[in-house]
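Participant: Before I ask anything, let me first share the structure, which is written out below as structure tokens.
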Amino acid sequence: MTPPDREVDVLVVGAGPTGLTLAALLAADGTRVHVVEAAADTVDEPRAIALADESLRTAHRLGLVDALRPDLVWVSGSRYYGARGQLLVRTQPAAMRQGFPVKTLFDQPGYVRVHRRAVEDAPAASLEFGCAAIALAQDADGVDVTLESPSGVRTLRARYVVGCDGGKSLVRTSLGVRMTGSSQKHPWIVLDVVDDPRDHGDTEFHCDPRRPHVVVPGSGGRCRYEFMLLPGERAEEVLQPDFVAALLAPFRTVRPDQVRRAAVYVAHQLVAERWRVGRLFLAGDAAHLMPPFAGQGLNTGIRDVRNLSWKLSAVLAGRATDGLLDSYETERRPHASAMVRFSYRLGALVMTSRPRRAAARDLVLRALRLVPPVHRHVTELRFVPRPDVSRGVAVPAVGPAEGSFVGAPLPQGPVIDEAGAIGLLDDALGTGWALVVLTDTQSAAIPDPGHRLAERVGAGIVVVLPRGRIPRRRPGVTVVAEQHPALHLDPTPGATARYLLVRPDRYVAADFAAADAAAVADALARYYPAPTSRALDDRPVVV
């Protein structure tokens, strides 16, 4: 789509990874979206380096995982070394709950290229570089955005604007929204190099109080080294080739042409006080900044736009009320804030320069092996804050008191469909809402209230059988069987069917029995007051 002259549904300010992901998601829904970027091109620097399982699930939604694959280092763990260089603990998630590894290393320039291409190829999207948003004025129906480019100044009318324009966001500044939090005292130098000899995919945290440092291997001989600067070391000195070579000497030799990027940074832990002001929204670094030690900055931004994109599309299509958009901040800000705090605390664990504190830390981490349950809690990353949308577009009051899926991402693994094809469960769910029926019985009846609930939100109906069952074709319903027990953790023959109402972002809005379907529909009426026009037999098909 060529850049719009007058109006567009959504204007995205900023063509970084978050903005491009948002634009690709909106365009995939058929929403007209235009992206403006003040710079002449995308940033070709390897800034973020880790993708969470949810981020890869979003890429899968867009059909982009195969394009990303050459730059991925799958199933990456982390190794923490103590003050004397001893291995303290290795973290590695025990299982894949969302169909992808919990942590995968990647190369940001490749991610940007793939998502830029997806936006450029989408009929509903357009992308404009060298074009800066310099002023915004909103009213009850939309936002007038003044754009400045080499061809001049023009005004574009957008029904909604999303600021994905980074930590120095013009959108946030124009709204007068403050960032609250703090900045760390110690600067770090980051060195991205090529031709590295590392032969494993684990991130290494060297918690040496003399100079804490981190090593993150990548694909194709890429590697990142980060070192905390010591008092008195200045940026202009540490970026010199001789100083860089001295820092890397314990690990490798390096030539200047093998350094992709060298930069000094100070980590921030900041969160915007508001994420929505009328028809303007903030996402990604415009909404939150966090230290890099948990590798969650970009991933938090991708969670933001996966959450926001389907809501914008639903409201713009007239299927949902404006209240759906209010749930964006309700659902995303608490988790982003928790991730900022977690990243800061993890950094404090790594960065301490006090020998006694480092010795005490090393002793505690080594002692964890004496308490297996606590050791597993740490090594399997169970302490990482998990997103929970149960206070937003969800119905937590209905359903099981324990073991409910409500508010969390829907677990998924490989499934087999009626034709014998194997894919991930998301492939069977389609791209919108889905009513998932967990049952042991091939012919389990779906009661009328369940059909009416599906019709209200425009959901396809997917019956999921436990492992070992053979799915058979049913009119108006997709039937699949799990190949690994992600949902049917303990199937009981003859048990009552369990219903999961799954949102387009693959979070579970409701977990209920058939008798509660009407109550679930009533609870969601504030967001979806009337049935959509989608026919129930227009069901998703496993590809």
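We name chains A, B, ... following the order of the structure tokens; residues begin at 1 in each chain, and ligands are numbered from 1 as shown.
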Among the residues of region 52-149 of chain A, find those DSSP assigns to helix (DSSP H, G or I) from the backbone and print them as a PyMOL selection string.
Facilitator: chain A and resi 53-61+65-71+108-121
Participant: I need the residues from that last selection saved to file as a PDB file, in the first residue's frame (with N, CA and C atoms), if you can.
Facilitator:
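The result, stored in part.pdb:
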ATOM      1  N   ASP A  53       9.446 -17.377  24.380  1.00  0.00           N
ATOM      2  CA  ASP A  53       8.529 -18.274  23.672  1.00  0.00           C
ATOM      3  C   ASP A  53       7.319 -17.520  23.125  1.00  0.00           C
ATOM      4  N   GLU A  54       6.812 -16.557  23.901  1.00  0.00           N
ATOM      5  CA  GLU A  54       5.657 -15.784  23.435  1.00  0.00           C
ATOM      6  C   GLU A  54       5.984 -14.975  22.190  1.00  0.00           C
ATOM      7  N   SER A  55       7.204 -14.454  22.114  1.00  0.00           N
ATOM      8  CA  SER A  55       7.587 -13.670  20.940  1.00  0.00           C
ATOM      9  C   SER A  55       7.651 -14.548  19.700  1.00  0.00           C
ATOM     10  N   LEU A  56       8.173 -15.761  19.839  1.00  0.00           N
ATOM     11  CA  LEU A  56       8.191 -16.684  18.707  1.00  0.00           C
ATOM     12  C   LEU A  56       6.773 -17.135  18.358  1.00  0.00           C
ATOM     13  N   ARG A  57       5.916 -17.236  19.354  1.00  0.00           N
ATOM     14  CA  ARG A  57       4.508 -17.575  19.080  1.00  0.00           C
ATOM     15  C   ARG A  57       3.846 -16.479  18.257  1.00  0.00           C
ATOM     16  N   THR A  58       4.196 -15.229  18.543  1.00  0.00           N
ATOM     17  CA  THR A  58       3.687 -14.116  17.742  1.00  0.00           C
ATOM     18  C   THR A  58       4.235 -14.180  16.318  1.00  0.00           C
ATOM     19  N   ALA A  59       5.526 -14.475  16.179  1.00  0.00           N
ATOM     20  CA  ALA A  59       6.100 -14.631  14.842  1.00  0.00           C
ATOM     21  C   ALA A  59       5.427 -15.775  14.095  1.00  0.00           C
ATOM     22  N   HIS A  60       5.081 -16.836  14.800  1.00  0.00           N
ATOM     23  CA  HIS A  60       4.361 -17.955  14.182  1.00  0.00           C
ATOM     24  C   HIS A  60       2.988 -17.511  13.695  1.00  0.00           C
ATOM     25  N   ARG A  61       2.330 -16.667  14.477  1.00  0.00           N
ATOM     26  CA  ARG A  61       1.027 -16.120  14.053  1.00  0.00           C
ATOM     27  C   ARG A  61       1.165 -15.409  12.710  1.00  0.00           C
ATOM     28  N   VAL A  65       8.367 -17.570  11.371  1.00  0.00           N
ATOM     29  CA  VAL A  65       9.387 -18.314  12.108  1.00  0.00           C
ATOM     30  C   VAL A  65      10.435 -18.901  11.165  1.00  0.00           C
ATOM     31  N   ASP A  66      10.010 -19.463  10.051  1.00  0.00           N
ATOM     32  CA  ASP A  66      10.978 -20.052   9.122  1.00  0.00           C
ATOM     33  C   ASP A  66      11.944 -19.004   8.578  1.00  0.00           C
ATOM     34  N   ALA A  67      11.459 -17.792   8.345  1.00  0.00           N
ATOM     35  CA  ALA A  67      12.335 -16.729   7.855  1.00  0.00           C
ATOM     36  C   ALA A  67      13.333 -16.288   8.922  1.00  0.00           C
ATOM     37  N   LEU A  68      12.947 -16.395  10.189  1.00  0.00           N
ATOM     38  CA  LEU A  68      13.838 -16.028  11.284  1.00  0.00           C
ATOM     39  C   LEU A  68      14.854 -17.115  11.606  1.00  0.00           C
ATOM     40  N   ARG A  69      14.541 -18.342  11.242  1.00  0.00           N
ATOM     41  CA  ARG A  69      15.275 -19.516  11.704  1.00  0.00           C
ATOM     42  C   ARG A  69      16.795 -19.440  11.496  1.00  0.00           C
ATOM     43  N   PRO A  70      17.306 -18.931  10.382  1.00  0.00           N
ATOM     44  CA  PRO A  70      18.770 -18.933  10.207  1.00  0.00           C
ATOM     45  C   PRO A  70      19.529 -18.148  11.266  1.00  0.00           C
ATOM     46  N   ASP A  71      18.881 -17.190  11.921  1.00  0.00           N
ATOM     47  CA  ASP A  71      19.568 -16.356  12.913  1.00  0.00           C
ATOM     48  C   ASP A  71      19.269 -16.777  14.343  1.00  0.00           C
ATOM     49  N   GLN A 108      18.979  -9.161  16.064  1.00  0.00           N
ATOM     50  CA  GLN A 108      17.926  -8.175  15.846  1.00  0.00           C
ATOM     51  C   GLN A 108      17.864  -7.647  14.414  1.00  0.00           C
ATOM     52  N   PRO A 109      18.981  -7.363  13.745  1.00  0.00           N
ATOM     53  CA  PRO A 109      18.847  -6.891  12.358  1.00  0.00           C
ATOM     54  C   PRO A 109      18.074  -7.867  11.474  1.00  0.00           C
ATOM     55  N   GLY A 110      18.271  -9.183  11.675  1.00  0.00           N
ATOM     56  CA  GLY A 110      17.518 -10.154  10.904  1.00  0.00           C
ATOM     57  C   GLY A 110      16.038 -10.110  11.232  1.00  0.00           C
ATOM     58  N   TYR A 111      15.705  -9.958  12.514  1.00  0.00           N
ATOM     59  CA  TYR A 111      14.304  -9.846  12.931  1.00  0.00           C
ATOM     60  C   TYR A 111      13.646  -8.633  12.275  1.00  0.00           C
ATOM     61  N   VAL A 112      14.357  -7.510  12.272  1.00  0.00           N
ATOM     62  CA  VAL A 112      13.817  -6.286  11.681  1.00  0.00           C
ATOM     63  C   VAL A 112      13.608  -6.462  10.180  1.00  0.00           C
ATOM     64  N   ARG A 113      14.572  -7.069   9.494  1.00  0.00           N
ATOM     65  CA  ARG A 113      14.428  -7.267   8.043  1.00  0.00           C
ATOM     66  C   ARG A 113      13.210  -8.120   7.721  1.00  0.00           C
ATOM     67  N   VAL A 114      13.025  -9.196   8.471  1.00  0.00           N
ATOM     68  CA  VAL A 114      11.910 -10.106   8.212  1.00  0.00           C
ATOM     69  C   VAL A 114      10.575  -9.404   8.442  1.00  0.00           C
ATOM     70  N   HIS A 115      10.453  -8.671   9.527  1.00  0.00           N
ATOM     71  CA  HIS A 115       9.184  -8.001   9.828  1.00  0.00           C
ATOM     72  C   HIS A 115       8.962  -6.784   8.928  1.00  0.00           C
ATOM     73  N   ARG A 116      10.032  -6.124   8.532  1.00  0.00           N
ATOM     74  CA  ARG A 116       9.870  -5.034   7.565  1.00  0.00           C
ATOM     75  C   ARG A 116       9.318  -5.569   6.245  1.00  0.00           C
ATOM     76  N   ARG A 117       9.869  -6.696   5.810  1.00  0.00           N
ATOM     77  CA  ARG A 117       9.385  -7.290   4.562  1.00  0.00           C
ATOM     78  C   ARG A 117       7.910  -7.679   4.680  1.00  0.00           C
ATOM     79  N   ALA A 118       7.520  -8.183   5.842  1.00  0.00           N
ATOM     80  CA  ALA A 118       6.123  -8.568   6.042  1.00  0.00           C
ATOM     81  C   ALA A 118       5.204  -7.356   5.955  1.00  0.00           C
ATOM     82  N   VAL A 119       5.647  -6.237   6.514  1.00  0.00           N
ATOM     83  CA  VAL A 119       4.848  -5.012   6.439  1.00  0.00           C
ATOM     84  C   VAL A 119       4.790  -4.497   5.010  1.00  0.00           C
ATOM     85  N   GLU A 120       5.926  -4.491   4.340  1.00  0.00           N
ATOM     86  CA  GLU A 120       5.959  -3.984   2.960  1.00  0.00           C
ATOM     87  C   GLU A 120       5.123  -4.850   2.023  1.00  0.00           C
ATOM     88  N   ASP A 121       5.025  -6.135   2.310  1.00  0.00           N
ATOM     89  CA  ASP A 121       4.265  -7.039   1.434  1.00  0.00           C
ATOM     90  C   ASP A 121       2.774  -7.066   1.754  1.00  0.00           C
TER      91      ASP A 121
END
Participant: Would you mind listing what lies within 9 Å of Pro387 (chain A) as JSON, numbers by chain, with only C-alpha atoms counted and same-chain residues fewer than 3 positions away left out?
Facilitator: {"A": [331, 332, 334, 335, 336, 407, 408, 409]}
Participant: I need the residues of region 288-452 of chain A that end up classed as strand (DSSP E) by DSSP on the backbone, written out as a list in words.
Facilitator: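 Checking each residue of region 288-452 of chain A, the strand (DSSP E) ones are His288, Leu289, Pro414, Val415, Ile416, Asp417, Ile422, Gly423, Leu424, Ala434, Leu435, Val436, Val437 and Leu438 of chain A.
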Participant: Write out as a ChimeraX atom specification the residues lying within 8 Å of Val33 (chain A), counting only C-alpha atoms and excluding same-chain residues fewer than 4 positions away.
Facilitator: /A:8-12,23,26-27,124-126
Participant: Write a file of the just-selected residues containing C-alpha atoms, as a JSON list (two decimals), in the first residue's frame.
Facilitator:
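Written out: part_25.json:
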[["chain", "number", "residue", "atom", "x", "y", "z"],
["A", 8, "VAL", "CA", -5.59, 5.77, 7.96],
["A", 9, "ASP", "CA", -7.00, 3.51, 10.66],
["A", 10, "VAL", "CA", -3.82, 3.26, 12.76],
["A", 11, "LEU", "CA", -0.64, 5.30, 12.56],
["A", 12, "VAL", "CA", 2.39, 3.64, 14.15],
["A", 23, "ALA", "CA", 2.05, -3.09, 11.94],
["A", 26, "LEU", "CA", -2.68, -5.12, 12.32],
["A", 27, "ALA", "CA", -2.22, -5.68, 8.59],
["A", 124, "ALA", "CA", -3.21, -3.14, 4.26],
["A", 125, "ALA", "CA", 0.12, -1.65, 5.43],
["A", 126, "SER", "CA", 2.53, 1.05, 4.31]]
Participant: Do a neighbour search on Thr18 (chain A) at 7 Å with only C-alpha atoms, toss out local chain neighbours closer than 6 positions, and write the hits as a VMD selection string.
Facilitator: chain A and resid 164 284 301 to 302
Participant: Sorted by chain and rising residue number, list the residues of region 443-524 of chain A at most 8 Å from region 396-406 of chain A (counting only C-alpha atoms), each with its closest atom pair and distance in Å to one decimal, as a tab-separated table.
Facilitator:
residue	atom	partner	partner_atom	distance
A:Leu500	CA	A:Phe405	CA	8.0
A:Tyr507	CA	A:Val406	CA	7.6
A:Val508	CA	A:Val406	CA	4.9
A:Ala509	CA	A:Val406	CA	5.5
A:Ala510	CA	A:Val406	CA	5.5
A:Asp511	CA	A:Gly399	CA	5.3
A:Phe512	CA	A:Gly399	CA	4.3
A:Ala513	CA	A:Gly399	CA	6.8
A:Asp516	CA	A:Val398	CA	7.0
A:Ala519	CA	A:Val398	CA	7.7
A:Val520	CA	A:Val398	CA	7.2
Participant: Kindly give the distance, in Å, that separates CA of Ala95 (chain A) and CA of Pro17 (chain A), rounded to a single decimal.
Facilitator: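 Interatomic distance, CA of Ala95 (chain A) to CA of Pro17 (chain A): 27.1 Å.
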Participant: Report as a ChimeraX atom specification all protein, DNA and RNA residues lying within 10 Å of His213 (chain A), evaluated on only C-alpha atoms, omitting residues in the same chain fewer than 6 positions from it.
Facilitator: /A:188-190,204-207,225-229,247,350-351
Participant: Export N, CA and C atoms of the chosen residues as a PDB file, in the first residue's frame?
Facilitator:
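Produced file again09.pdb, reproduced below:
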ATOM      1  N   TRP A 188      27.924   0.436  31.409  1.00  0.00           N
ATOM      2  CA  TRP A 188      28.473  -0.799  30.848  1.00  0.00           C
ATOM      3  C   TRP A 188      28.903  -0.536  29.416  1.00  0.00           C
ATOM      4  N   ILE A 189      29.845  -1.329  28.936  1.00  0.00           N
ATOM      5  CA  ILE A 189      30.214  -1.325  27.522  1.00  0.00           C
ATOM      6  C   ILE A 189      29.705  -2.623  26.908  1.00  0.00           C
ATOM      7  N   VAL A 190      29.083  -2.515  25.744  1.00  0.00           N
ATOM      8  CA  VAL A 190      28.597  -3.679  25.019  1.00  0.00           C
ATOM      9  C   VAL A 190      29.400  -3.804  23.731  1.00  0.00           C
ATOM     10  N   GLU A 204      26.430 -16.555  29.495  1.00  0.00           N
ATOM     11  CA  GLU A 204      27.303 -16.673  30.657  1.00  0.00           C
ATOM     12  C   GLU A 204      27.285 -15.370  31.457  1.00  0.00           C
ATOM     13  N   PHE A 205      26.891 -15.458  32.721  1.00  0.00           N
ATOM     14  CA  PHE A 205      26.961 -14.332  33.636  1.00  0.00           C
ATOM     15  C   PHE A 205      28.177 -14.546  34.550  1.00  0.00           C
ATOM     16  N   HIS A 206      29.213 -13.745  34.353  1.00  0.00           N
ATOM     17  CA  HIS A 206      30.420 -13.838  35.165  1.00  0.00           C
ATOM     18  C   HIS A 206      30.310 -12.798  36.283  1.00  0.00           C
ATOM     19  N   CYS A 207      29.914 -13.267  37.461  1.00  0.00           N
ATOM     20  CA  CYS A 207      29.602 -12.380  38.581  1.00  0.00           C
ATOM     21  C   CYS A 207      30.856 -12.080  39.395  1.00  0.00           C
ATOM     22  N   TYR A 225      29.644  -9.417  24.164  1.00  0.00           N
ATOM     23  CA  TYR A 225      30.349  -9.308  25.431  1.00  0.00           C
ATOM     24  C   TYR A 225      29.951  -7.981  26.074  1.00  0.00           C
ATOM     25  N   GLU A 226      29.602  -8.025  27.343  1.00  0.00           N
ATOM     26  CA  GLU A 226      29.273  -6.803  28.077  1.00  0.00           C
ATOM     27  C   GLU A 226      30.095  -6.766  29.363  1.00  0.00           C
ATOM     28  N   PHE A 227      30.676  -5.586  29.652  1.00  0.00           N
ATOM     29  CA  PHE A 227      31.532  -5.413  30.823  1.00  0.00           C
ATOM     30  C   PHE A 227      31.097  -4.160  31.579  1.00  0.00           C
ATOM     31  N   MET A 228      31.030  -4.287  32.894  1.00  0.00           N
ATOM     32  CA  MET A 228      30.750  -3.103  33.703  1.00  0.00           C
ATOM     33  C   MET A 228      31.993  -2.221  33.751  1.00  0.00           C
ATOM     34  N   LEU A 229      31.806  -0.926  33.555  1.00  0.00           N
ATOM     35  CA  LEU A 229      32.933   0.000  33.635  1.00  0.00           C
ATOM     36  C   LEU A 229      33.247   0.311  35.094  1.00  0.00           C
ATOM     37  N   LEU A 247      39.892  -5.960  27.031  1.00  0.00           N
ATOM     38  CA  LEU A 247      38.718  -6.533  27.693  1.00  0.00           C
ATOM     39  C   LEU A 247      38.433  -7.945  27.188  1.00  0.00           C
ATOM     40  N   VAL A 350      24.145  -9.765  39.555  1.00  0.00           N
ATOM     41  CA  VAL A 350      25.324  -9.898  38.696  1.00  0.00           C
ATOM     42  C   VAL A 350      26.342  -8.797  38.962  1.00  0.00           C
ATOM     43  N   MET A 351      25.860  -7.585  39.229  1.00  0.00           N
ATOM     44  CA  MET A 351      26.731  -6.413  39.158  1.00  0.00           C
ATOM     45  C   MET A 351      27.455  -6.076  40.451  1.00  0.00           C
TER      46      MET A 351
END
Participant: Need the shell around Thr42 (chain A): protein/DNA/RNA residues with any atom at most 8 Å away, counting only C-alpha atoms. Skip same-chain ones fewer than 2 positions apart. Format as an MDAnalysis selection string?
Facilitator: chainID A and resid 15:16 39:40 44 112
